[in-house]
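With PDB, C-alpha atoms and all ligand atoms inside, this is target.pdb:
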```pdb
ATOM      1  CA  MET A 801     -24.733  -0.587  10.627
ATOM      2  CA  ASN A 802     -22.421   0.593  13.383
ATOM      3  CA  ALA A 803     -19.946   3.466  12.943
ATOM      4  CA  LYS A 804     -17.025   1.239  11.920
ATOM      5  CA  GLN A 805     -19.179  -0.582   9.368
ATOM      6  CA  LEU A 806     -20.363   2.721   7.915
ATOM      7  CA  ALA A 807     -16.807   4.016   7.431
ATOM      8  CA  ALA A 808     -15.749   0.687   5.928
ATOM      9  CA  ALA A 809     -18.680   0.543   3.512
ATOM     10  CA  GLU A 810     -18.031   4.096   2.308
ATOM     11  CA  ALA A 811     -14.319   3.410   1.747
ATOM     12  CA  VAL A 812     -15.090   0.328  -0.313
ATOM     13  CA  THR A 813     -17.062   2.461  -2.790
ATOM     14  CA  HIS A 814     -13.622   3.641  -4.018
ATOM     15  CA  ILE A 815     -12.655   0.129  -5.124
ATOM     16  CA  GLU A 816     -13.089  -0.485  -8.825
ATOM     17  CA  ASP A 817     -12.611  -3.302 -11.308
ATOM     18  CA  GLY A 818      -8.984  -4.101 -12.071
ATOM     19  CA  MET A 819      -7.559  -2.618  -8.884
ATOM     20  CA  THR A 820      -4.936  -4.142  -6.643
ATOM     21  CA  VAL A 821      -6.261  -3.602  -3.130
ATOM     22  CA  GLY A 822      -4.416  -3.573   0.194
ATOM     23  CA  LEU A 823      -6.306  -5.109   3.099
ATOM     24  CA  GLY A 824      -5.858  -3.660   6.564
ATOM     25  CA  THR A 825      -6.058  -5.323   9.955
ATOM     26  CA  GLY A 826      -8.376  -4.838  12.929
ATOM     27  CA  SER A 827     -12.083  -4.667  13.679
ATOM     28  CA  THR A 828     -12.819  -1.810  11.236
ATOM     29  CA  SER A 829     -10.833  -3.473   8.449
ATOM     30  CA  PHE A 830     -12.774  -6.655   9.203
ATOM     31  CA  PHE A 831     -15.912  -4.852   8.013
ATOM     32  CA  ALA A 832     -14.105  -3.525   4.933
ATOM     33  CA  ILE A 833     -12.926  -7.022   4.008
ATOM     34  CA  HIS A 834     -16.482  -8.326   4.374
ATOM     35  CA  ARG A 835     -17.835  -5.526   2.188
ATOM     36  CA  ILE A 836     -15.138  -6.127  -0.455
ATOM     37  CA  ALA A 837     -16.046  -9.823  -0.421
ATOM     38  CA  GLU A 838     -19.711  -8.968  -1.001
ATOM     39  CA  ARG A 839     -18.743  -6.870  -3.997
ATOM     40  CA  VAL A 840     -16.485  -9.650  -5.331
ATOM     41  CA  LYS A 841     -19.466 -12.006  -5.126
ATOM     42  CA  GLU A 842     -21.465  -9.427  -7.084
ATOM     43  CA  GLY A 843     -18.811  -9.501  -9.823
ATOM     44  CA  LEU A 844     -16.111  -6.987  -8.821
ATOM     45  CA  ARG A 845     -12.783  -8.118 -10.299
ATOM     46  CA  ILE A 846      -9.836  -7.211  -8.076
ATOM     47  CA  ARG A 847      -6.774  -8.782  -6.573
ATOM     48  CA  ALA A 848      -5.656  -8.153  -3.033
ATOM     49  CA  VAL A 849      -2.629  -8.197  -0.761
ATOM     50  CA  SER A 850      -2.884  -8.329   3.004
ATOM     51  CA  SER A 851      -1.274  -6.605   5.976
ATOM     52  CA  SER A 852      -1.571  -9.624   8.270
ATOM     53  CA  LYS A 853      -1.958 -13.364   8.305
ATOM     54  CA  GLY A 854      -5.336 -12.908  10.010
ATOM     55  CA  SER A 855      -6.743 -10.602   7.337
ATOM     56  CA  GLU A 856      -5.319 -12.804   4.616
ATOM     57  CA  SER A 857      -7.039 -15.927   5.904
ATOM     58  CA  LEU A 858     -10.321 -14.017   6.402
ATOM     59  CA  ALA A 859     -10.109 -12.697   2.826
ATOM     60  CA  ARG A 860      -9.373 -16.150   1.428
ATOM     61  CA  GLU A 861     -12.288 -17.656   3.370
ATOM     62  CA  LEU A 862     -14.596 -15.013   1.929
ATOM     63  CA  GLY A 863     -13.392 -15.566  -1.642
ATOM     64  CA  ILE A 864     -11.210 -12.458  -2.187
ATOM     65  CA  PRO A 865      -8.318 -13.364  -4.517
ATOM     66  CA  ILE A 866      -5.025 -12.863  -2.639
ATOM     67  CA  VAL A 867      -1.888 -12.579  -4.780
ATOM     68  CA  PRO A 868       1.788 -12.753  -3.815
ATOM     69  CA  PHE A 869       3.649  -9.433  -3.597
ATOM     70  CA  ALA A 870       5.926 -10.667  -6.396
ATOM     71  CA  ASP A 871       2.947 -10.420  -8.731
ATOM     72  CA  ILE A 872       2.196  -6.738  -8.173
ATOM     73  CA  ASP A 873       3.961  -3.480  -9.019
ATOM     74  CA  ALA A 874       2.002  -1.212  -6.730
ATOM     75  CA  ILE A 875      -1.199  -1.111  -4.735
ATOM     76  CA  ASP A 876      -4.012   1.061  -6.077
ATOM     77  CA  ALA A 877      -5.771   1.528  -2.753
ATOM     78  CA  THR A 878      -5.308   0.253   0.780
ATOM     79  CA  ILE A 879      -8.144   0.499   3.293
ATOM     80  CA  ASP A 880      -7.137   0.270   6.945
ATOM     81  CA  GLY A 881      -8.162   1.405  10.413
ATOM     82  CA  ALA A 882      -6.257   3.511  12.932
ATOM     83  CA  ASP A 883      -6.001   3.900  16.682
ATOM     84  CA  GLU A 884      -5.722   7.694  16.550
ATOM     85  CA  VAL A 885      -5.975  10.351  13.830
ATOM     86  CA  ASP A 886      -4.794  13.896  14.569
ATOM     87  CA  GLU A 887      -5.816  17.160  12.906
ATOM     88  CA  ALA A 888      -2.937  16.913  10.395
ATOM     89  CA  PHE A 889      -3.978  13.338   9.427
ATOM     90  CA  ASN A 890      -1.043  11.791  11.273
ATOM     91  CA  LEU A 891      -1.928   8.397  12.740
ATOM     92  CA  ILE A 892      -1.100   5.996  15.498
ATOM     93  CA  LYS A 893      -1.530   2.433  14.270
ATOM     94  CA  GLY A 894      -0.545  -0.982  15.536
ATOM     95  CA  GLY A 895      -3.181  -1.710  18.143
ATOM     96  CA  GLY A 896      -3.536  -5.079  16.431
ATOM     97  CA  GLY A 897       0.232  -5.541  16.182
ATOM     98  CA  ALA A 898       0.326  -5.378  12.370
ATOM     99  CA  LEU A 899       1.984  -1.958  12.065
ATOM    100  CA  LEU A 900       5.042  -3.026  10.059
ATOM    101  CA  ARG A 901       3.092  -4.752   7.299
ATOM    102  CA  GLU A 902       0.444  -2.055   7.402
ATOM    103  CA  LYS A 903       3.074   0.631   6.890
ATOM    104  CA  ILE A 904       4.660  -1.265   3.995
ATOM    105  CA  LEU A 905       1.267  -1.468   2.305
ATOM    106  CA  ALA A 906       0.454   2.179   2.999
ATOM    107  CA  ALA A 907       3.827   3.335   1.665
ATOM    108  CA  ASN A 908       3.284   1.416  -1.563
ATOM    109  CA  SER A 909      -0.308   2.495  -2.153
ATOM    110  CA  ARG A 910      -1.448   5.177  -4.573
ATOM    111  CA  ARG A 911      -4.253   5.838  -2.129
ATOM    112  CA  PHE A 912      -4.322   4.995   1.581
ATOM    113  CA  ILE A 913      -7.887   5.251   2.884
ATOM    114  CA  VAL A 914      -8.202   5.335   6.672
ATOM    115  CA  ILE A 915     -11.479   4.227   8.243
ATOM    116  CA  VAL A 916     -12.383   5.131  11.810
ATOM    117  CA  ASP A 917     -15.215   5.922  14.146
ATOM    118  CA  GLU A 918     -15.380   9.292  15.922
ATOM    119  CA  SER A 919     -13.586   7.958  19.011
ATOM    120  CA  LYS A 920     -10.287   7.824  17.066
ATOM    121  CA  LEU A 921     -10.169  11.559  16.289
ATOM    122  CA  VAL A 922      -7.793  13.538  18.518
ATOM    123  CA  ARG A 923      -6.221  16.980  18.488
ATOM    124  CA  THR A 924      -2.755  15.632  19.370
ATOM    125  CA  LEU A 925      -1.585  12.006  19.154
ATOM    126  CA  GLY A 926      -0.461  10.142  22.233
ATOM    127  CA  ALA A 927      -3.326   9.156  24.522
ATOM    128  CA  PHE A 928      -3.119   5.739  22.837
ATOM    129  CA  PRO A 929       0.215   4.049  23.709
ATOM    130  CA  LEU A 930       2.456   4.042  20.643
ATOM    131  CA  PRO A 931       3.193   0.489  19.419
ATOM    132  CA  VAL A 932       6.832  -0.087  18.476
ATOM    133  CA  GLU A 933       7.963  -3.347  16.868
ATOM    134  CA  VAL A 934      11.366  -4.541  18.128
ATOM    135  CA  VAL A 935      13.453  -7.612  17.431
ATOM    136  CA  PRO A 936      13.520 -10.051  20.368
ATOM    137  CA  PHE A 937      17.354 -10.090  20.393
ATOM    138  CA  ALA A 938      18.590  -7.922  23.305
ATOM    139  CA  HIS A 939      15.149  -6.349  23.495
ATOM    140  CA  GLU A 940      15.854  -5.368  27.115
ATOM    141  CA  LEU A 941      18.458  -2.898  25.806
ATOM    142  CA  THR A 942      16.167  -1.637  23.059
ATOM    143  CA  VAL A 943      13.399  -1.064  25.598
ATOM    144  CA  ARG A 944      15.794   1.026  27.715
ATOM    145  CA  LYS A 945      16.585   3.188  24.692
ATOM    146  CA  LEU A 946      12.875   3.683  24.139
ATOM    147  CA  GLU A 947      12.452   4.679  27.775
ATOM    148  CA  ALA A 948      15.258   7.217  27.361
ATOM    149  CA  LEU A 949      13.110   8.968  24.744
ATOM    150  CA  GLY A 950      10.679   9.813  27.534
ATOM    151  CA  CYS A 951       8.033   7.097  27.441
ATOM    152  CA  LYS A 952       6.817   4.342  29.759
ATOM    153  CA  PRO A 953       7.333   1.171  27.706
ATOM    154  CA  ALA A 954       5.514  -2.139  28.213
ATOM    155  CA  ILE A 955       6.153  -5.296  26.215
ATOM    156  CA  ARG A 956       2.769  -6.396  24.885
ATOM    157  CA  GLN A 957       1.618  -9.692  26.391
ATOM    158  CA  ALA A 958      -0.656 -12.448  25.109
ATOM    159  CA  ASP A 959      -1.537 -15.389  27.361
ATOM    160  CA  GLY A 960       1.191 -14.431  29.831
ATOM    161  CA  ARG A 961       3.967 -14.325  27.220
ATOM    162  CA  PRO A 962       5.255 -11.636  24.911
ATOM    163  CA  PHE A 963       2.924 -11.130  21.954
ATOM    164  CA  ILE A 964       4.700 -12.190  18.755
ATOM    165  CA  SER A 965       3.988 -10.225  15.573
ATOM    166  CA  ASP A 966       3.503 -11.879  12.175
ATOM    167  CA  ASN A 967       7.180 -11.030  11.620
ATOM    168  CA  GLY A 968       8.373 -12.869  14.743
ATOM    169  CA  ASN A 969       9.026  -9.676  16.708
ATOM    170  CA  TYR A 970       7.856  -8.115  19.982
ATOM    171  CA  ILE A 971       5.570  -5.100  20.252
ATOM    172  CA  VAL A 972       6.460  -2.512  22.895
ATOM    173  CA  ASP A 973       3.570  -0.202  23.797
ATOM    174  CA  CYS A 974       5.124   3.164  24.631
ATOM    175  CA  ARG A 975       3.207   5.715  26.709
ATOM    176  CA  PHE A 976       4.640   9.063  25.640
ATOM    177  CA  GLY A 977       1.653  11.184  26.543
ATOM    178  CA  ALA A 978       1.069  13.979  24.026
ATOM    179  CA  ILE A 979       3.175  13.676  20.844
ATOM    180  CA  PRO A 980       3.253  17.255  19.493
ATOM    181  CA  ASP A 981       5.805  16.500  16.747
ATOM    182  CA  PRO A 982       5.236  12.981  15.329
ATOM    183  CA  ALA A 983       7.770  13.505  12.511
ATOM    184  CA  GLU A 984      10.554  14.286  14.968
ATOM    185  CA  LEU A 985       9.691  11.314  17.206
ATOM    186  CA  SER A 986       9.584   9.075  14.129
ATOM    187  CA  VAL A 987      13.194   9.987  13.286
ATOM    188  CA  ARG A 988      14.335   9.363  16.870
ATOM    189  CA  LEU A 989      12.633   5.965  17.022
ATOM    190  CA  HIS A 990      14.122   4.858  13.716
ATOM    191  CA  ALA A 991      17.584   5.757  15.025
ATOM    192  CA  ILE A 992      17.412   3.022  17.697
ATOM    193  CA  PRO A 993      18.997  -0.271  16.584
ATOM    194  CA  GLY A 994      16.545  -3.055  17.356
ATOM    195  CA  VAL A 995      13.512  -0.972  16.448
ATOM    196  CA  VAL A 996      12.059  -2.483  13.295
ATOM    197  CA  GLU A 997       9.186  -0.018  12.852
ATOM    198  CA  HIS A 998       6.811   2.120  14.871
ATOM    199  CA  GLY A 999       3.124   2.946  14.672
ATOM    200  CA  LEU A1000       3.405   6.647  13.812
ATOM    201  CA  PHE A1001       2.133   7.126  10.263
ATOM    202  CA  VAL A1002       3.265  10.644   9.470
ATOM    203  CA  ARG A1003       1.519  12.329   6.532
ATOM    204  CA  MET A1004       0.795   9.011   4.808
ATOM    205  CA  THR A1005      -2.892   9.590   4.104
ATOM    206  CA  GLU A1006      -5.092  12.250   2.590
ATOM    207  CA  THR A1007      -8.344  10.341   3.000
ATOM    208  CA  VAL A1008      -9.943   9.656   6.364
ATOM    209  CA  VAL A1009     -13.501   8.316   6.410
ATOM    210  CA  VAL A1010     -15.321   8.712   9.707
ATOM    211  CA  GLY A1011     -18.421   6.745  10.634
ATOM    212  CA  GLY A1012     -20.707   8.407  13.174
ATOM    213  CA  ALA A1013     -22.830   6.839  15.904
ATOM    214  CA  ASP A1014     -25.796   8.733  14.376
ATOM    215  CA  GLY A1015     -25.491   6.755  11.123
ATOM    216  CA  SER A1016     -23.571   9.476   9.270
ATOM    217  CA  THR A1017     -20.408   9.125   7.188
ATOM    218  CA  ARG A1018     -18.028  11.979   6.470
ATOM    219  CA  TYR A1019     -14.586  12.665   5.005
ATOM    220  CA  LEU A1020     -12.091  14.746   6.979
TER     221      LEU A1020
HETATM  222  O1  LIG A1101      -3.366  -0.679  13.345
HETATM  223  C1  LIG A1101      -4.170  -1.571  13.466
HETATM  224  C2  LIG A1101      -3.780  -3.001  13.629
HETATM  225  O2  LIG A1101      -2.403  -3.136  13.762
HETATM  226  C3  LIG A1101      -5.616  -1.256  13.441
HETATM  227  O3  LIG A1101      -5.933  -0.666  12.233
HETATM  228  C4  LIG A1101      -5.924  -0.329  14.585
HETATM  229  O4  LIG A1101      -5.508  -0.943  15.790
HETATM  230  C5  LIG A1101      -7.417  -0.018  14.654
HETATM  231  O5  LIG A1101      -8.092  -1.176  15.019
HETATM  232  P1  LIG A1101      -9.666  -1.259  15.076
HETATM  233  O6  LIG A1101     -10.170  -1.061  13.689
HETATM  234  O7  LIG A1101      -9.949  -2.634  15.628
HETATM  235  O8  LIG A1101     -10.169  -0.179  16.006
END
```

Just dump the structure as structure tokens.
Ligand SMILES: O=C(CO)[C@H](O)[C@H](O)COP(=O)(O)O
Amino acid sequence: MNAKQLAAAEAVTHIEDGMTVGLGTGSTSFFAIHRIAERVKEGLRIRAVSSSKGSESLARELGIPIVPFADIDAIDATIDGADEVDEAFNLIKGGGGALLREKILAANSRRFIVIVDESKLVRTLGAFPLPVEVVPFAHELTVRKLEALGCKPAIRQADGRPFISDNGNYIVDCRFGAIPDPAELSVRLHAIPGVVEHGLFVRMTETVVVGGADGSTRYL
């Protein structure tokens, strides 16, 4: 197993019968979804909600029961990857463009289990460009406001056109450099009309599972 698979497999040991489980998005979550599906085949009884159309269709293909959000009160545990994790467990997420749905799931989960390989661990967030989801309407003005916060913004592209999120929005990748105070930047980003959500997950998790290249698994 590679490092991402190891972290995913360890996180899935926390899933128990009767739970409502949140499914993350990305290559590490891919392994978690596969492992959950194996356990469902072995008899685990859960229901799941998904943070992206991609993860939802993968889960359905693999036989994980997906339920509408109207059918759940809360999520027992969400397992998801991250692009960066700092020493205070703050995260940058959104490399896969699913940050809004991922944050909704995380905020409504009793437990938010983050799964990463060693490469995602940083002292201070910000080497990874911060994804910010913005509405397409007047996005040029929104991007200028982002730039005024001190970053170099770039509208994410896919096949020569703006990447469109599952919510019909654009993703602006913002190069801030070091982000010493994620909570403060979070407030400033939310104050910009046109910004739907951003990829800073500030103090949203207490559980980070790290897979190592040497075959080890550890909790931060
Ligand atoms: O936030 C995400 C998707 O929006 C992912 O969790 C993040 O980009 C990490 O991805 P990967 O597991 O492929 O390294």

Point to revise | Residues matched by the PyMOL selection byres (((chain A and resi 899) around 12) and not hetatm) as a PyMOL selection string | key: chain A and resi 824-826+851-852+880-883+891-898+900-907+930-934+965-967+969-973+996-1001

Which residues come within 6 Å of region 1009-1012 of chain A, counting all atoms listed in the file, excluding same-chain residues fewer than 4 positions away, as a compact mmCIF listing (two decimals) with C-alpha atoms, in the coordinates of the input?
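Result went into result_23.txt, see below:
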```
# COMPACT_ATOMS: atom_id res chain seq x y z
CA ALA A 803 -19.95 3.47 12.94
CA LYS A 804 -17.02 1.24 11.92
CA LEU A 806 -20.36 2.72 7.92
CA ALA A 807 -16.81 4.02 7.43
CA ILE A 915 -11.48 4.23 8.24
CA VAL A 916 -12.38 5.13 11.81
CA ASP A 917 -15.22 5.92 14.15
CA SER A 1016 -23.57 9.48 9.27
CA THR A 1017 -20.41 9.12 7.19
CA ARG A 1018 -18.03 11.98 6.47
CA TYR A 1019 -14.59 12.66 5.00
```

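Look at Gly818 (chain A): the protein and nucleic acid residues within 10 Å of it, using only C-alpha atoms and passing over chain neighbours fewer than 5 places away, are Leu844, Arg845, Ile846, Arg847 and Asp876 of chain A.
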
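Remark: for ligand LIG 1101 (chain A), the closest of the candidate residues A:Glu984, A:Glu918, A:Asp886, A:Glu816 is A:Glu918 (distances computed over all atoms listed in the file).
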
Practice item. Convert the output of the PyMOL selection byres (((chain A and resi 866) around 9) and not hetatm) on the shown file into explicit residues, formatted as a list in words. Key: Arg847, Ala848, Val849, Ser850, Glu856, Ala859, Arg860, Gly863, Ile864, Pro865, Val867 and Pro868 of chain A

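Between CA of Glu861 (chain A) and CA of Gly843 (chain A) the interatomic distance comes to 16.8 Å.
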
**Study point:** Best match for closeness to ligand LIG 1101 (chain A) among A:Ala983, A:Ala808, A:Val821, A:Met801, counting all atoms listed in the file
**Key:** A:Ala808

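Comparing A:Leu1020, A:Leu823, A:Val1002, A:Ala958 by their smallest distance to ligand LIG 1101 (chain A), the closest is A:Leu823 (using all atoms listed in the file).
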
Report as a tab-separated table (two decimals) with C-alpha atoms, in the frame of the given file all protein, DNA and RNA residues lying within 6 Å of Val885 (chain A), evaluated on only C-alpha atoms, omitting residues in the same chain fewer than 2 positions from it.
```
chain	number	residue	atom	x	y	z
A	889	PHE	CA	-3.98	13.34	9.43
A	890	ASN	CA	-1.04	11.79	11.27
A	891	LEU	CA	-1.93	8.40	12.74
A	920	LYS	CA	-10.29	7.82	17.07
A	921	LEU	CA	-10.17	11.56	16.29
A	922	VAL	CA	-7.79	13.54	18.52
```

Residues picked by the PyMOL selection byres (((chain A and resi 910) around 6) and not hetatm) here, as an mmCIF file with C-alpha atoms, keeping the file's coordinate frame?
```cif
data_model
loop_
_atom_site.group_PDB
_atom_site.id
_atom_site.type_symbol
_atom_site.label_atom_id
_atom_site.label_comp_id
_atom_site.auth_asym_id
_atom_site.auth_seq_id
_atom_site.Cartn_x
_atom_site.Cartn_y
_atom_site.Cartn_z
ATOM 1 C CA ASP A 876 -4.012 1.061 -6.077
ATOM 2 C CA ALA A 877 -5.771 1.528 -2.753
ATOM 3 C CA SER A 909 -0.308 2.495 -2.153
ATOM 4 C CA ARG A 911 -4.253 5.838 -2.129
#
```

Listed atoms of region 944-948 of chain A boxed along x, y and z, 8 Å each side, centre and edge lengths in Å, one decimal, as AutoDock Vina command-line options:
```
--center_x 14.5 --center_y 4.1 --center_z 26.0 --size_x 20.1 --size_y 22.2 --size_z 19.6
```

When you get a chance, write out N, CA and C atoms for region 809-832 of chain A, as a PDB file, keeping the file's coordinate frame.
```pdb
ATOM      1  N   ALA A 809     -17.845   0.653   4.725  1.00  0.00           N
ATOM      2  CA  ALA A 809     -18.680   0.543   3.512  1.00  0.00           C
ATOM      3  C   ALA A 809     -18.427   1.722   2.583  1.00  0.00           C
ATOM      4  N   GLU A 810     -18.285   2.919   3.149  1.00  0.00           N
ATOM      5  CA  GLU A 810     -18.031   4.096   2.308  1.00  0.00           C
ATOM      6  C   GLU A 810     -16.671   3.967   1.601  1.00  0.00           C
ATOM      7  N   ALA A 811     -15.662   3.534   2.346  1.00  0.00           N
ATOM      8  CA  ALA A 811     -14.319   3.410   1.747  1.00  0.00           C
ATOM      9  C   ALA A 811     -14.333   2.422   0.582  1.00  0.00           C
ATOM     10  N   VAL A 812     -15.080   1.375   0.725  1.00  0.00           N
ATOM     11  CA  VAL A 812     -15.090   0.328  -0.313  1.00  0.00           C
ATOM     12  C   VAL A 812     -15.744   0.818  -1.605  1.00  0.00           C
ATOM     13  N   THR A 813     -16.499   1.920  -1.537  1.00  0.00           N
ATOM     14  CA  THR A 813     -17.062   2.461  -2.790  1.00  0.00           C
ATOM     15  C   THR A 813     -15.948   2.958  -3.724  1.00  0.00           C
ATOM     16  N   HIS A 814     -14.742   3.168  -3.185  1.00  0.00           N
ATOM     17  CA  HIS A 814     -13.622   3.641  -4.018  1.00  0.00           C
ATOM     18  C   HIS A 814     -12.929   2.505  -4.774  1.00  0.00           C
ATOM     19  N   ILE A 815     -13.310   1.275  -4.482  1.00  0.00           N
ATOM     20  CA  ILE A 815     -12.655   0.129  -5.124  1.00  0.00           C
ATOM     21  C   ILE A 815     -13.358  -0.166  -6.447  1.00  0.00           C
ATOM     22  N   GLU A 816     -12.524  -0.272  -7.477  1.00  0.00           N
ATOM     23  CA  GLU A 816     -13.089  -0.485  -8.825  1.00  0.00           C
ATOM     24  C   GLU A 816     -12.463  -1.711  -9.481  1.00  0.00           C
ATOM     25  N   ASP A 817     -13.115  -2.167 -10.525  1.00  0.00           N
ATOM     26  CA  ASP A 817     -12.611  -3.302 -11.308  1.00  0.00           C
ATOM     27  C   ASP A 817     -11.154  -3.089 -11.707  1.00  0.00           C
ATOM     28  N   GLY A 818     -10.365  -4.141 -11.600  1.00  0.00           N
ATOM     29  CA  GLY A 818      -8.984  -4.101 -12.071  1.00  0.00           C
ATOM     30  C   GLY A 818      -7.994  -3.611 -11.035  1.00  0.00           C
ATOM     31  N   MET A 819      -8.486  -3.173  -9.894  1.00  0.00           N
ATOM     32  CA  MET A 819      -7.559  -2.618  -8.884  1.00  0.00           C
ATOM     33  C   MET A 819      -6.819  -3.717  -8.115  1.00  0.00           C
ATOM     34  N   THR A 820      -5.623  -3.363  -7.665  1.00  0.00           N
ATOM     35  CA  THR A 820      -4.936  -4.142  -6.643  1.00  0.00           C
ATOM     36  C   THR A 820      -5.208  -3.440  -5.319  1.00  0.00           C
ATOM     37  N   VAL A 821      -5.747  -4.193  -4.366  1.00  0.00           N
ATOM     38  CA  VAL A 821      -6.261  -3.602  -3.130  1.00  0.00           C
ATOM     39  C   VAL A 821      -5.477  -4.115  -1.929  1.00  0.00           C
ATOM     40  N   GLY A 822      -5.091  -3.200  -1.050  1.00  0.00           N
ATOM     41  CA  GLY A 822      -4.416  -3.573   0.194  1.00  0.00           C
ATOM     42  C   GLY A 822      -5.445  -3.725   1.304  1.00  0.00           C
ATOM     43  N   LEU A 823      -5.359  -4.833   2.016  1.00  0.00           N
ATOM     44  CA  LEU A 823      -6.306  -5.109   3.099  1.00  0.00           C
ATOM     45  C   LEU A 823      -5.659  -4.796   4.446  1.00  0.00           C
ATOM     46  N   GLY A 824      -6.359  -4.007   5.243  1.00  0.00           N
ATOM     47  CA  GLY A 824      -5.858  -3.660   6.564  1.00  0.00           C
ATOM     48  C   GLY A 824      -6.153  -4.738   7.587  1.00  0.00           C
ATOM     49  N   THR A 825      -5.895  -4.373   8.842  1.00  0.00           N
ATOM     50  CA  THR A 825      -6.058  -5.323   9.955  1.00  0.00           C
ATOM     51  C   THR A 825      -6.810  -4.633  11.089  1.00  0.00           C
ATOM     52  N   GLY A 826      -7.650  -5.403  11.789  1.00  0.00           N
ATOM     53  CA  GLY A 826      -8.376  -4.838  12.929  1.00  0.00           C
ATOM     54  C   GLY A 826      -9.874  -4.942  12.721  1.00  0.00           C
ATOM     55  N   SER A 827     -10.628  -4.459  13.717  1.00  0.00           N
ATOM     56  CA  SER A 827     -12.083  -4.667  13.679  1.00  0.00           C
ATOM     57  C   SER A 827     -12.754  -3.812  12.611  1.00  0.00           C
ATOM     58  N   THR A 828     -12.213  -2.643  12.282  1.00  0.00           N
ATOM     59  CA  THR A 828     -12.819  -1.810  11.236  1.00  0.00           C
ATOM     60  C   THR A 828     -12.470  -2.386   9.860  1.00  0.00           C
ATOM     61  N   SER A 829     -11.233  -2.818   9.707  1.00  0.00           N
ATOM     62  CA  SER A 829     -10.833  -3.473   8.449  1.00  0.00           C
ATOM     63  C   SER A 829     -11.619  -4.759   8.222  1.00  0.00           C
ATOM     64  N   PHE A 830     -11.948  -5.442   9.299  1.00  0.00           N
ATOM     65  CA  PHE A 830     -12.774  -6.655   9.203  1.00  0.00           C
ATOM     66  C   PHE A 830     -14.048  -6.346   8.401  1.00  0.00           C
ATOM     67  N   PHE A 831     -14.685  -5.212   8.736  1.00  0.00           N
ATOM     68  CA  PHE A 831     -15.912  -4.852   8.013  1.00  0.00           C
ATOM     69  C   PHE A 831     -15.610  -4.509   6.551  1.00  0.00           C
ATOM     70  N   ALA A 832     -14.469  -3.861   6.317  1.00  0.00           N
ATOM     71  CA  ALA A 832     -14.105  -3.525   4.933  1.00  0.00           C
ATOM     72  C   ALA A 832     -13.878  -4.800   4.127  1.00  0.00           C
TER      73      ALA A 832
END
```
